[in-house]
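Q: Here's a structure for you.
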Amino acid sequence: MAHEETFETVAGCKIRIMRGGKGEPLLFLHGASGASRWLPFMDMLAERYDVIVPEHPGFGASDTPEWLDTVGDLAYFYLDVIDHLGLDKVHLVGTSIGGWIAAELATRSCEKIRSLTLVAPAGITVHGVRKGDMFMWSPEELAQNLFHNQEIARAMPQPANEEELLVVLKNRLMTAKLGWSPRFHNPHLKKWLHRIAVPTLIIWGDDDKLIPTAYGPAYRDLIPASSLEIIPECGHLPHVEKAQEFTSKVVDFLQGAA
Amino acid sequence: MKFYMMHLMPYADLDLDYDKTHNSAWITLPNSYYDPKKGAKLYNRYLDELEYADQLGFDGVCVNEHHQNAYGLMPQPGVMAGALARRTKKVKIAILGRALPLLNNPVTVAEEFAMVDNITEGRFIAGFVRGIGAEYHAWSSNPADSHERFHEAHDLIIRAWTETGPFAFEGKHYQFEYVNLWPRPYQTPRPPIWIPSQGSSETIEWASHPDRRYTYLQTFTPVAMLAKYMQMYKDMAAEHGYEATEDQLGWSVPLYVAETDEIARREAKPHIENFLNKFLRMPKEMLLPPGYLSLKSMLGVMKAKSSIGGQQTIDDVIDKGMFICGSPETVRQKLEQYQSEIGFGHLLTLLQFGTLPAELTRKNMELYATAVMPWLRDRQSVAKTQVAAE
């Protein structure tokens with residue numbers, strides 16, 4: 001399905017946005033590896049929704065603003081983005097760091113949000129359950145550890161040129177800036193997740209080596225109207241590794257929530 | 001030229017087969033590999049060596065900071081400086097350095113350094129670094145904030161040393177209602193500041209600025225790189241309208257001198273190779289966390305993949321001038337040549353490295369102090385007299 005790419009300036013920061021499909025707006029917030037490409041699951045969702053995929057400030061082709069220090073900054077930024085694009089009744093979907101941003105955003109305001117989908121979100125810590133240390137992993141280990149199915153891991157495209165390698169390094173830098181310490185969480189977020197006032201779906205792979213599946217129930221217990229779906233034989237990126245199953249779970253949920 | 005003995009205080013009793021099961025002697029190597037009974041003996045041996053350097057006529061002794069590793073057992077180098085402060089009489093004591101971005105409270109370093117400066121009545125040299133990348137894993141300090149925190153901590157420490165307190169400090173990373181250092185440093189306006197680095201144009205630009213004129217210390221790099229970076233410092237100083245002195249340039253290098261070239265090479269070989277291949281061993285992700293280098297520098301490192309890792313031999317490092325090894329004559333000739341070509345005023349020699357045992361370390365120190373140092377001092381004073389006479 002065709003999608004378009006534009007640049008928008010919000011809060012003094014120019015960001016790249018991919019957008020495709022028709023229907024209710026669905027804002028997708030990407031994880032640590034960015035959103036430089038329009039992926040198959042986006043196509044599938046675009047059959048029913050107006051899918052909007054920004055690259056976060058500090059990632060990919062978007063600018064790195066002076067003001068960006070924390071995931072909380074990005075939560076406020078995306079509230080601004082929703083206003084800037086004139087969106088209402090938004091289905092907010094975030095994965096990993098993007099899930100963390102989405103959760104922070106929803107604790108601040110659900111006024112323009114219709115539903116929330118968190119896919120293996122960072123943002124909290126479960127005492128005694130250690131996350132994987134992606135900053136110690138080599139590129140090969142990272143690919144292996146992100147997926148359950150090692151054939152898919154091996155097939156993931158590597159940076160083809162210097163420009164793509166620079167994007168990988170830029171994304172990694174901002175990932176560290178946002179998540180190095182405390183490691184991929186905000187110690188205060190747990191206190192306010194009860195404020196999320198929209199139907200929430202939490203999706204986790206059953207073989208997530210970065211943020212263990214045990215984080216799923218913890219998130220579910222902290223967000224009032226939430227349910228948890230575990231996808232079997234799946235790693236940290238269900239939207240990539242199990243795109244079909246992921247999409248149908250999201251669509252079922254969104255139709256129920258609507 | 002001034003002569004210093006640098007020490008890393010490695011855990012020389014390390015089980016060298018650790019690398020069959022672990023990929024680094026840093027951060028993730030379990031500390032069950034450390035035996036406190038052996039460690040205690042090593043600490044005292046190493047401190048004895050630095051005290052001996054005082055008796056042998058060195059101008060200074062140098063310690064530094066590394067965390068959670070077998071390569072260097074000085075996570076808190078101020079403890080070493082404190083121990084040396086009372087037992088040495090003449091040498092300067094340099095802490096090279098504290099890794100400022102790791103600090104949650106930089107005033108602790110301003111205080112600690114000022115105390116050593118007072119106890120030694122001004123025999124203290126302060127070193128500031130960002131630390132190697134592994135420290136950011138060890139201390140959970142965010143490498144993406146490394147540059148910002150370095151500069152802010154530096155500014156705070158300098159103000160604490162040179163401004164009358166109390167004053168308030170309002171930074172992004174550090175905030176204080178009262179900064180009012182007791183004790184003030186002994187030296188006026190403050191201790192000398194050295195900036196150790198493995199080579200960075202940004203660091204040289206900053207250190208050479210007329211507001212600072214800090215001594216730039218090139219550590220463990222090929223001699224060709226040493227020459228390049230020293231020249232860069234001089235050029236940057238010239239651009240600022242002043243001439244850099246030898247006092248602003250230093251070199252830190254492992255060195256082994258013995259009766260003949262052959263004996264030196266034979267005695268040093270296993271220990272320098274352990275230093276290179278066992279103690280320094282770490283994967284790139286540990287050495288270079290994101291943000292530690294600029295994106296441009298990091299891109300360069302990624303493209304030159306082969307330059308990190310791989311076994312190094314004594315010949316590799318001798319050929320590159322990263323290790324000075326040989327008879328007194330060989331060592332004298334090399335050092336004189338490098339010094340006259342490159343023009344550094346501080347020479348820091350690592351006379352114990354890797355697994356080099358106590359007796360060879362002492363022999364190395366003695367031969368260096370009796371057959372190399374005096375000769376170079378004489379040559380320098382002759383050269384100075386000639387210049388003065390012309």
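In the structure tokens, each chain is lettered A, B, ... as it comes, each chain's residues begin at 1, and ligands are numbered from 1 in order of appearance.
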Determine, counting only C-alpha atoms, which protein, DNA and RNA residues have an atom within 10 Å of an atom of Ile196 of chain A; residues of the same chain fewer than 2 positions away are not included. Present the result as a list in words.
A: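 In the requested format, the answer is Ala103, Glu104, Leu105, Ala106, Thr107, Arg108, Ser109, Cys110, Ile113, Ser115, Leu116, Trp192, Leu193, His194, Val198, Pro199, Thr200, Leu222, Ile223, Pro224, Ala225 and Ser226 of chain A.
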Q: Taking only C-alpha atoms into account, which residues of chain B are within 6 Å of chain A, as a list in words?
A: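 Result, ordered by chain then number: Asn142, Ala144, Glu285, Pro290 and Gly291 of chain B.
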Q: Kindly export the residues of the current selection with N, CA and C atoms, as a CSV table (one decimal), in the first residue's frame.
A:
```csv
chain,number,residue,atom,x,y,z
B,142,ASN,N,25.7,7.5,32.1
B,142,ASN,CA,25.2,7.5,30.8
B,142,ASN,C,26.3,8.1,29.8
B,144,ALA,N,26.1,8.9,26.8
B,144,ALA,CA,25.6,9.9,25.9
B,144,ALA,C,25.7,11.3,26.6
B,285,GLU,N,31.9,-3.4,22.1
B,285,GLU,CA,30.7,-2.8,22.8
B,285,GLU,C,31.0,-2.3,24.2
B,290,PRO,N,27.6,3.7,23.2
B,290,PRO,CA,27.1,4.8,22.4
B,290,PRO,C,27.3,6.2,23.1
B,291,GLY,N,27.8,7.2,22.4
B,291,GLY,CA,27.9,8.5,22.9
B,291,GLY,C,29.3,8.8,23.4
```
Q: List the neighbours of Asp63 of chain A out to 8 Å using only C-alpha atoms; skip same-chain residues closer than 4 positions along the sequence, and give me the result as a list of chain:residue names.
A: A:Cys13, A:Lys14, A:Ile15, A:Pro57, A:Gly58, A:Phe59
Q: When DSSP is applied to the backbone of this structure, which of segment 82-241 of chain B are assigned alpha helix (DSSP H)? Write them out as a PyMOL selection string.
A: chain B and resi 82-87+107-119+134-138+146-162+201-208+223-239
Q: Please compute the atom CA of Gln337 of chain B-atom CA of Ile263 of chain B distance, one decimal, in Å.
A: 22.5 Å
Q: Neighbours of Pro157 of chain A within 12 Å (only C-alpha atoms; same-chain residues fewer than 2 positions away dropped), as a ChimeraX atom specification?
A: /A:37,139-140,143,152-155,159-161,164-165,168
Q: Taking all heavy atoms for each residue, export the selection above as a compact mmCIF listing (two decimals), in the first residue's frame.
A:
```txt
# COMPACT_ATOMS: atom_id res chain seq x y z
N ARG A 37 12.03 2.40 7.66
CA ARG A 37 11.33 1.71 6.56
C ARG A 37 9.86 1.47 6.88
O ARG A 37 9.49 1.26 8.04
CB ARG A 37 11.99 0.35 6.29
CG ARG A 37 13.15 0.42 5.35
CD ARG A 37 13.62 -0.99 5.01
NE ARG A 37 14.38 -1.57 6.11
CZ ARG A 37 15.71 -1.49 6.20
NH1 ARG A 37 16.41 -0.90 5.27
NH2 ARG A 37 16.34 -2.02 7.23
N PRO A 139 26.54 -6.58 17.30
CA PRO A 139 25.43 -6.53 16.34
C PRO A 139 24.84 -7.92 16.06
O PRO A 139 23.62 -8.07 15.93
CB PRO A 139 26.08 -5.94 15.08
CG PRO A 139 27.23 -5.13 15.60
CD PRO A 139 27.73 -5.86 16.81
N GLU A 140 25.71 -8.94 16.00
CA GLU A 140 25.23 -10.30 15.73
C GLU A 140 24.39 -10.80 16.91
O GLU A 140 23.32 -11.39 16.72
CB GLU A 140 26.41 -11.26 15.49
CG GLU A 140 27.26 -10.93 14.27
CD GLU A 140 28.18 -9.71 14.46
OE1 GLU A 140 28.56 -9.44 15.62
OE2 GLU A 140 28.48 -9.03 13.47
N ALA A 143 20.95 -9.12 16.98
CA ALA A 143 20.00 -9.73 16.03
C ALA A 143 19.48 -11.06 16.58
O ALA A 143 18.28 -11.33 16.56
CB ALA A 143 20.67 -9.91 14.68
N ILE A 152 14.86 -15.77 10.85
CA ILE A 152 14.48 -14.37 10.64
C ILE A 152 15.60 -13.45 11.10
O ILE A 152 15.93 -12.47 10.44
CB ILE A 152 13.16 -14.05 11.39
CG1 ILE A 152 12.03 -14.90 10.83
CG2 ILE A 152 12.83 -12.57 11.29
CD1 ILE A 152 10.70 -14.72 11.53
N ALA A 153 16.22 -13.83 12.24
CA ALA A 153 17.33 -13.00 12.74
C ALA A 153 18.42 -12.88 11.69
O ALA A 153 18.94 -11.79 11.44
CB ALA A 153 17.89 -13.62 14.03
N ARG A 154 18.75 -14.01 11.07
CA ARG A 154 19.82 -13.99 10.07
C ARG A 154 19.43 -13.22 8.82
O ARG A 154 20.28 -12.67 8.13
CB ARG A 154 20.21 -15.43 9.70
CG ARG A 154 21.15 -16.08 10.71
CD ARG A 154 21.67 -17.42 10.21
NE ARG A 154 20.64 -18.45 10.13
CZ ARG A 154 20.28 -19.23 11.15
NH1 ARG A 154 20.89 -19.10 12.32
NH2 ARG A 154 19.33 -20.14 11.03
N ALA A 155 18.13 -13.18 8.55
CA ALA A 155 17.67 -12.53 7.31
C ALA A 155 17.50 -11.01 7.48
O ALA A 155 17.24 -10.31 6.51
CB ALA A 155 16.35 -13.15 6.86
N PRO A 159 23.13 -2.76 7.71
CA PRO A 159 23.35 -1.47 7.04
C PRO A 159 24.09 -1.67 5.71
O PRO A 159 25.14 -2.31 5.67
CB PRO A 159 24.20 -0.68 8.03
CG PRO A 159 24.01 -1.34 9.35
CD PRO A 159 23.64 -2.76 9.08
N ALA A 160 23.51 -1.14 4.64
CA ALA A 160 24.04 -1.41 3.31
C ALA A 160 25.11 -0.40 2.91
O ALA A 160 25.92 -0.65 2.03
CB ALA A 160 22.91 -1.40 2.28
N ASN A 161 25.10 0.75 3.56
CA ASN A 161 26.07 1.78 3.19
C ASN A 161 26.35 2.67 4.41
O ASN A 161 25.77 2.47 5.48
CB ASN A 161 25.56 2.61 2.02
CG ASN A 161 24.14 3.13 2.29
OD1 ASN A 161 23.87 3.61 3.40
ND2 ASN A 161 23.26 3.01 1.31
N GLU A 164 23.32 4.43 6.03
CA GLU A 164 22.48 3.56 6.87
C GLU A 164 23.19 3.21 8.18
O GLU A 164 22.56 3.12 9.22
CB GLU A 164 22.12 2.28 6.11
CG GLU A 164 21.09 2.53 5.02
CD GLU A 164 20.63 1.25 4.32
OE1 GLU A 164 20.86 0.14 4.84
OE2 GLU A 164 20.03 1.38 3.25
N LEU A 165 24.51 3.04 8.11
CA LEU A 165 25.28 2.76 9.32
C LEU A 165 25.22 3.95 10.28
O LEU A 165 25.07 3.79 11.50
CB LEU A 165 26.74 2.44 8.95
CG LEU A 165 27.67 2.08 10.11
CD1 LEU A 165 27.15 0.89 10.91
CD2 LEU A 165 29.08 1.78 9.59
N VAL A 168 22.02 3.82 12.14
CA VAL A 168 22.09 2.81 13.20
C VAL A 168 22.80 3.40 14.43
O VAL A 168 22.34 3.26 15.57
CB VAL A 168 22.84 1.54 12.71
CG1 VAL A 168 23.17 0.61 13.88
CG2 VAL A 168 22.00 0.81 11.67
```
Q: Report as a list in words: the residues of segment 197-353 of chain B with a DSSP assignment of strand (DSSP E or B), based on the backbone of this structure.
A: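 The strand (DSSP E or B) residues within segment 197-353 of chain B come out as Ser197, Thr215, Tyr216, Leu217, Gln218, Thr219, Leu249, Gly250, Trp251, Ser252, Val253, Pro254, Leu255, Tyr256, Val257, Ile324, Cys325, Gly326, His346, Leu347, Leu348, Thr349 and Leu350 of chain B.
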Q: Any chance you can output those residues with N, CA, C and O atoms as an mmCIF file, in the first residue's frame?
A:
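Saved the output as result.cif:
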```cif
data_model
loop_
_atom_site.group_PDB
_atom_site.id
_atom_site.type_symbol
_atom_site.label_atom_id
_atom_site.label_comp_id
_atom_site.auth_asym_id
_atom_site.auth_seq_id
_atom_site.Cartn_x
_atom_site.Cartn_y
_atom_site.Cartn_z
ATOM 1 N N SER B 197 44.867 11.381 27.256
ATOM 2 C CA SER B 197 43.939 11.026 26.172
ATOM 3 C C SER B 197 44.636 10.072 25.219
ATOM 4 O O SER B 197 45.857 10.106 25.088
ATOM 5 N N THR B 215 48.365 20.495 30.436
ATOM 6 C CA THR B 215 49.305 19.531 29.872
ATOM 7 C C THR B 215 48.530 18.391 29.231
ATOM 8 O O THR B 215 47.695 17.756 29.880
ATOM 9 N N TYR B 216 48.782 18.183 27.956
ATOM 10 C CA TYR B 216 48.125 17.105 27.218
ATOM 11 C C TYR B 216 49.022 15.873 27.263
ATOM 12 O O TYR B 216 50.197 15.935 26.905
ATOM 13 N N LEU B 217 48.451 14.782 27.714
ATOM 14 C CA LEU B 217 49.230 13.563 27.920
ATOM 15 C C LEU B 217 48.737 12.476 26.975
ATOM 16 O O LEU B 217 47.607 12.005 27.092
ATOM 17 N N GLN B 218 49.584 12.112 26.039
ATOM 18 C CA GLN B 218 49.206 11.073 25.075
ATOM 19 C C GLN B 218 49.524 9.712 25.675
ATOM 20 O O GLN B 218 50.664 9.458 26.076
ATOM 21 N N THR B 219 48.517 8.842 25.748
ATOM 22 C CA THR B 219 48.718 7.554 26.399
ATOM 23 C C THR B 219 48.669 6.407 25.398
ATOM 24 O O THR B 219 47.797 6.370 24.532
ATOM 25 N N LEU B 249 53.223 19.187 27.164
ATOM 26 C CA LEU B 249 53.127 17.951 26.387
ATOM 27 C C LEU B 249 53.761 16.778 27.142
ATOM 28 O O LEU B 249 54.896 16.890 27.615
ATOM 29 N N GLY B 250 53.008 15.706 27.253
ATOM 30 C CA GLY B 250 53.525 14.523 27.936
ATOM 31 C C GLY B 250 53.209 13.250 27.170
ATOM 32 O O GLY B 250 52.297 13.201 26.345
ATOM 33 N N TRP B 251 53.997 12.225 27.462
ATOM 34 C CA TRP B 251 53.797 10.927 26.793
ATOM 35 C C TRP B 251 53.866 9.837 27.841
ATOM 36 O O TRP B 251 54.766 9.829 28.692
ATOM 37 N N SER B 252 52.935 8.923 27.780
ATOM 38 C CA SER B 252 52.906 7.794 28.696
ATOM 39 C C SER B 252 53.087 6.505 27.904
ATOM 40 O O SER B 252 52.327 6.232 26.975
ATOM 41 N N VAL B 253 54.109 5.712 28.273
ATOM 42 C CA VAL B 253 54.467 4.547 27.454
ATOM 43 C C VAL B 253 55.040 3.441 28.348
ATOM 44 O O VAL B 253 55.783 3.722 29.287
ATOM 45 N N PRO B 254 54.700 2.189 28.078
ATOM 46 C CA PRO B 254 55.359 1.097 28.794
ATOM 47 C C PRO B 254 56.809 0.952 28.316
ATOM 48 O O PRO B 254 57.092 1.167 27.136
ATOM 49 N N LEU B 255 57.675 0.617 29.236
ATOM 50 C CA LEU B 255 59.111 0.568 28.904
ATOM 51 C C LEU B 255 59.765 -0.572 29.671
ATOM 52 O O LEU B 255 59.453 -0.805 30.844
ATOM 53 N N TYR B 256 60.689 -1.254 28.991
ATOM 54 C CA TYR B 256 61.478 -2.270 29.680
ATOM 55 C C TYR B 256 62.928 -2.195 29.208
ATOM 56 O O TYR B 256 63.206 -2.286 28.022
ATOM 57 N N VAL B 257 63.824 -2.009 30.163
ATOM 58 C CA VAL B 257 65.237 -1.925 29.842
ATOM 59 C C VAL B 257 65.973 -3.027 30.602
ATOM 60 O O VAL B 257 65.668 -3.296 31.768
ATOM 61 N N ILE B 324 58.668 0.662 24.547
ATOM 62 C CA ILE B 324 60.109 0.889 24.413
ATOM 63 C C ILE B 324 60.799 -0.257 25.131
ATOM 64 O O ILE B 324 60.556 -0.488 26.311
ATOM 65 N N CYS B 325 61.662 -0.976 24.420
ATOM 66 C CA CYS B 325 62.253 -2.173 24.997
ATOM 67 C C CYS B 325 63.660 -2.354 24.445
ATOM 68 O O CYS B 325 63.872 -2.250 23.237
ATOM 69 N N GLY B 326 64.620 -2.584 25.338
ATOM 70 C CA GLY B 326 65.965 -2.843 24.850
ATOM 71 C C GLY B 326 67.026 -2.586 25.894
ATOM 72 O O GLY B 326 66.737 -2.415 27.084
ATOM 73 N N HIS B 346 57.239 15.821 29.547
ATOM 74 C CA HIS B 346 56.959 14.869 30.623
ATOM 75 C C HIS B 346 56.947 13.464 30.036
ATOM 76 O O HIS B 346 56.200 13.205 29.098
ATOM 77 N N LEU B 347 57.771 12.608 30.579
ATOM 78 C CA LEU B 347 57.809 11.229 30.094
ATOM 79 C C LEU B 347 57.365 10.296 31.213
ATOM 80 O O LEU B 347 58.046 10.158 32.238
ATOM 81 N N LEU B 348 56.210 9.679 31.006
ATOM 82 C CA LEU B 348 55.662 8.752 31.994
ATOM 83 C C LEU B 348 55.930 7.342 31.516
ATOM 84 O O LEU B 348 55.476 6.953 30.438
ATOM 85 N N THR B 349 56.688 6.585 32.291
ATOM 86 C CA THR B 349 56.994 5.226 31.872
ATOM 87 C C THR B 349 56.264 4.239 32.778
ATOM 88 O O THR B 349 56.275 4.365 34.004
ATOM 89 N N LEU B 350 55.636 3.286 32.118
ATOM 90 C CA LEU B 350 54.976 2.194 32.825
ATOM 91 C C LEU B 350 56.021 1.091 32.957
ATOM 92 O O LEU B 350 56.294 0.374 31.998
#
```
Q: Excluding Arg130 of chain B and residues on its chain fewer than 3 positions from it, collect all residues at most 7 Å away from it, counting only C-alpha atoms, and give them as a tab-separated table (two decimals) with all heavy atoms, in the first residue's frame.
A:
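Saved file around_11.tsv follows:
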```
chain	number	residue	atom	x	y	z
B	99	ALA	N	37.81	10.11	36.45
B	99	ALA	CA	36.90	10.17	35.29
B	99	ALA	C	35.70	11.02	35.72
B	99	ALA	O	34.79	10.54	36.38
B	99	ALA	CB	36.47	8.77	34.88
B	100	LEU	N	35.74	12.28	35.35
B	100	LEU	CA	34.76	13.23	35.87
B	100	LEU	C	33.30	12.90	35.53
B	100	LEU	O	32.43	13.08	36.38
B	100	LEU	CB	35.10	14.65	35.40
B	100	LEU	CG	36.49	15.17	35.81
B	100	LEU	CD1	36.63	16.64	35.41
B	100	LEU	CD2	36.71	15.03	37.31
B	101	PRO	N	32.99	12.41	34.32
B	101	PRO	CA	31.57	12.19	34.01
B	101	PRO	C	30.90	11.12	34.89
B	101	PRO	O	29.68	11.08	34.99
B	101	PRO	CB	31.57	11.74	32.54
B	101	PRO	CG	32.87	12.23	32.01
B	101	PRO	CD	33.84	12.16	33.14
B	146	SER	N	28.42	12.01	28.52
B	146	SER	CA	29.81	12.03	28.97
B	146	SER	C	30.49	13.39	28.76
B	146	SER	O	31.11	13.94	29.68
B	146	SER	CB	30.57	10.93	28.23
B	146	SER	OG	31.93	11.08	28.37
B	150	PHE	N	31.54	15.94	31.76
B	150	PHE	CA	32.97	16.24	31.93
B	150	PHE	C	33.18	17.74	32.08
B	150	PHE	O	33.84	18.20	33.02
B	150	PHE	CB	33.79	15.71	30.74
B	150	PHE	CG	35.26	16.04	30.85
B	150	PHE	CD1	36.12	15.21	31.54
B	150	PHE	CD2	35.77	17.20	30.28
B	150	PHE	CE1	37.47	15.52	31.67
B	150	PHE	CE2	37.12	17.52	30.41
B	150	PHE	CZ	37.98	16.67	31.09
```
Q: Quick check, in Å to one decimal: how far apart do atom CA of Ala168 of chain B and atom CA of Pro65 of chain A lie?
A: 28.2 Å
Q: Would you mind listing what lies within 8 Å of Tyr233 of chain B as a PyMOL selection string, with only C-alpha atoms counted and same-chain residues fewer than 5 positions away left out?
A: chain B and resi 204-205+208+244
Q: Which one of A:Ala75, A:Ile202, A:Leu237, A:Ala46 sits closest to Ala32 of chain A if you count only C-alpha atoms?
A: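 Ranking A:Ala75, A:Ile202, A:Leu237, A:Ala46 by distance to Ala32 of chain A, first place goes to A:Leu237.
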Q: Residues near segment 146-151 of chain A, anyone? I mean within 9 Å using only C-alpha atoms, not counting same-chain ones fewer than 2 positions away, as a PDB file with N, CA, C and O atoms, in the first residue's frame.
A:
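Output saved as result16.pdb:
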```pdb
ATOM      1  N   GLU A 141      24.904 -10.570  18.130  1.00  0.00           N
ATOM      2  CA  GLU A 141      24.152 -11.009  19.314  1.00  0.00           C
ATOM      3  C   GLU A 141      22.829 -10.268  19.428  1.00  0.00           C
ATOM      4  O   GLU A 141      21.807 -10.840  19.824  1.00  0.00           O
ATOM      5  N   LEU A 142      22.840  -8.993  19.084  1.00  0.00           N
ATOM      6  CA  LEU A 142      21.605  -8.200  19.142  1.00  0.00           C
ATOM      7  C   LEU A 142      20.545  -8.823  18.226  1.00  0.00           C
ATOM      8  O   LEU A 142      19.406  -9.048  18.641  1.00  0.00           O
ATOM      9  N   ALA A 143      20.948  -9.120  16.983  1.00  0.00           N
ATOM     10  CA  ALA A 143      19.996  -9.727  16.034  1.00  0.00           C
ATOM     11  C   ALA A 143      19.483 -11.064  16.581  1.00  0.00           C
ATOM     12  O   ALA A 143      18.276 -11.329  16.558  1.00  0.00           O
ATOM     13  N   GLN A 144      20.392 -11.874  17.107  1.00  0.00           N
ATOM     14  CA  GLN A 144      19.977 -13.183  17.643  1.00  0.00           C
ATOM     15  C   GLN A 144      19.006 -13.027  18.805  1.00  0.00           C
ATOM     16  O   GLN A 144      18.005 -13.738  18.909  1.00  0.00           O
ATOM     17  N   ALA A 153      16.223 -13.827  12.236  1.00  0.00           N
ATOM     18  CA  ALA A 153      17.331 -13.003  12.742  1.00  0.00           C
ATOM     19  C   ALA A 153      18.420 -12.882  11.689  1.00  0.00           C
ATOM     20  O   ALA A 153      18.939 -11.788  11.437  1.00  0.00           O
ATOM     21  N   ARG A 154      18.748 -14.006  11.071  1.00  0.00           N
ATOM     22  CA  ARG A 154      19.820 -13.994  10.066  1.00  0.00           C
ATOM     23  C   ARG A 154      19.431 -13.221   8.818  1.00  0.00           C
ATOM     24  O   ARG A 154      20.276 -12.665   8.125  1.00  0.00           O
ATOM     25  N   ALA A 155      18.132 -13.179   8.548  1.00  0.00           N
ATOM     26  CA  ALA A 155      17.674 -12.527   7.309  1.00  0.00           C
ATOM     27  C   ALA A 155      17.503 -11.013   7.482  1.00  0.00           C
ATOM     28  O   ALA A 155      17.237 -10.311   6.505  1.00  0.00           O
ATOM     29  N   MET A 156      17.641 -10.515   8.729  1.00  0.00           N
ATOM     30  CA  MET A 156      17.435  -9.074   8.924  1.00  0.00           C
ATOM     31  C   MET A 156      18.492  -8.295   8.150  1.00  0.00           C
ATOM     32  O   MET A 156      19.682  -8.606   8.216  1.00  0.00           O
ATOM     33  N   GLY A 205       6.036 -11.152  23.281  1.00  0.00           N
ATOM     34  CA  GLY A 205       6.490 -12.441  22.781  1.00  0.00           C
ATOM     35  C   GLY A 205       6.856 -13.333  23.960  1.00  0.00           C
ATOM     36  O   GLY A 205       7.283 -12.832  24.998  1.00  0.00           O
ATOM     37  N   ASP A 206       6.701 -14.648  23.800  1.00  0.00           N
ATOM     38  CA  ASP A 206       6.987 -15.537  24.938  1.00  0.00           C
ATOM     39  C   ASP A 206       8.487 -15.822  25.084  1.00  0.00           C
ATOM     40  O   ASP A 206       8.903 -16.490  26.013  1.00  0.00           O
ATOM     41  N   ASP A 207       9.297 -15.304  24.141  1.00  0.00           N
ATOM     42  CA  ASP A 207      10.736 -15.554  24.188  1.00  0.00           C
ATOM     43  C   ASP A 207      11.490 -14.240  23.978  1.00  0.00           C
ATOM     44  O   ASP A 207      12.321 -14.111  23.091  1.00  0.00           O
ATOM     45  N   ASP A 208      11.137 -13.281  24.816  1.00  0.00           N
ATOM     46  CA  ASP A 208      11.738 -11.944  24.707  1.00  0.00           C
ATOM     47  C   ASP A 208      12.997 -11.898  25.575  1.00  0.00           C
ATOM     48  O   ASP A 208      12.915 -11.970  26.795  1.00  0.00           O
ATOM     49  N   LYS A 209      14.163 -11.797  24.935  1.00  0.00           N
ATOM     50  CA  LYS A 209      15.423 -11.820  25.690  1.00  0.00           C
ATOM     51  C   LYS A 209      15.878 -10.422  26.099  1.00  0.00           C
ATOM     52  O   LYS A 209      16.839 -10.272  26.846  1.00  0.00           O
ATOM     53  N   LEU A 210      15.194  -9.406  25.608  1.00  0.00           N
ATOM     54  CA  LEU A 210      15.561  -8.037  25.993  1.00  0.00           C
ATOM     55  C   LEU A 210      14.739  -7.586  27.202  1.00  0.00           C
ATOM     56  O   LEU A 210      15.285  -7.219  28.236  1.00  0.00           O
ATOM     57  N   GLU A 233       6.379 -18.454  20.559  1.00  0.00           N
ATOM     58  CA  GLU A 233       7.532 -18.558  19.658  1.00  0.00           C
ATOM     59  C   GLU A 233       7.869 -17.219  19.019  1.00  0.00           C
ATOM     60  O   GLU A 233       7.973 -17.096  17.797  1.00  0.00           O
ATOM     61  N   CYS A 234       8.001 -16.235  19.887  1.00  0.00           N
ATOM     62  CA  CYS A 234       8.186 -14.877  19.393  1.00  0.00           C
ATOM     63  C   CYS A 234       9.117 -14.112  20.332  1.00  0.00           C
ATOM     64  O   CYS A 234       9.038 -14.248  21.550  1.00  0.00           O
ATOM     65  N   GLY A 235       9.997 -13.314  19.751  1.00  0.00           N
ATOM     66  CA  GLY A 235      10.950 -12.525  20.528  1.00  0.00           C
ATOM     67  C   GLY A 235      10.424 -11.134  20.857  1.00  0.00           C
ATOM     68  O   GLY A 235       9.232 -10.939  21.067  1.00  0.00           O
ATOM     69  N   HIS A 236      11.362 -10.154  20.862  1.00  0.00           N
ATOM     70  CA  HIS A 236      11.052  -8.808  21.346  1.00  0.00           C
ATOM     71  C   HIS A 236      10.276  -7.976  20.327  1.00  0.00           C
ATOM     72  O   HIS A 236       9.740  -6.924  20.669  1.00  0.00           O
ATOM     73  N   LEU A 237      10.213  -8.436  19.071  1.00  0.00           N
ATOM     74  CA  LEU A 237       9.591  -7.617  18.026  1.00  0.00           C
ATOM     75  C   LEU A 237       8.420  -8.359  17.374  1.00  0.00           C
ATOM     76  O   LEU A 237       8.493  -8.734  16.199  1.00  0.00           O
ATOM     77  N   PRO A 238       7.296  -8.567  18.083  1.00  0.00           N
ATOM     78  CA  PRO A 238       6.174  -9.317  17.519  1.00  0.00           C
ATOM     79  C   PRO A 238       5.671  -8.722  16.206  1.00  0.00           C
ATOM     80  O   PRO A 238       5.241  -9.457  15.312  1.00  0.00           O
ATOM     81  N   GLU A 241       8.402 -10.144  13.787  1.00  0.00           N
ATOM     82  CA  GLU A 241       8.579 -11.600  13.741  1.00  0.00           C
ATOM     83  C   GLU A 241       7.255 -12.321  13.472  1.00  0.00           C
ATOM     84  O   GLU A 241       7.228 -13.357  12.803  1.00  0.00           O
TER      85      GLU A 241
END
```
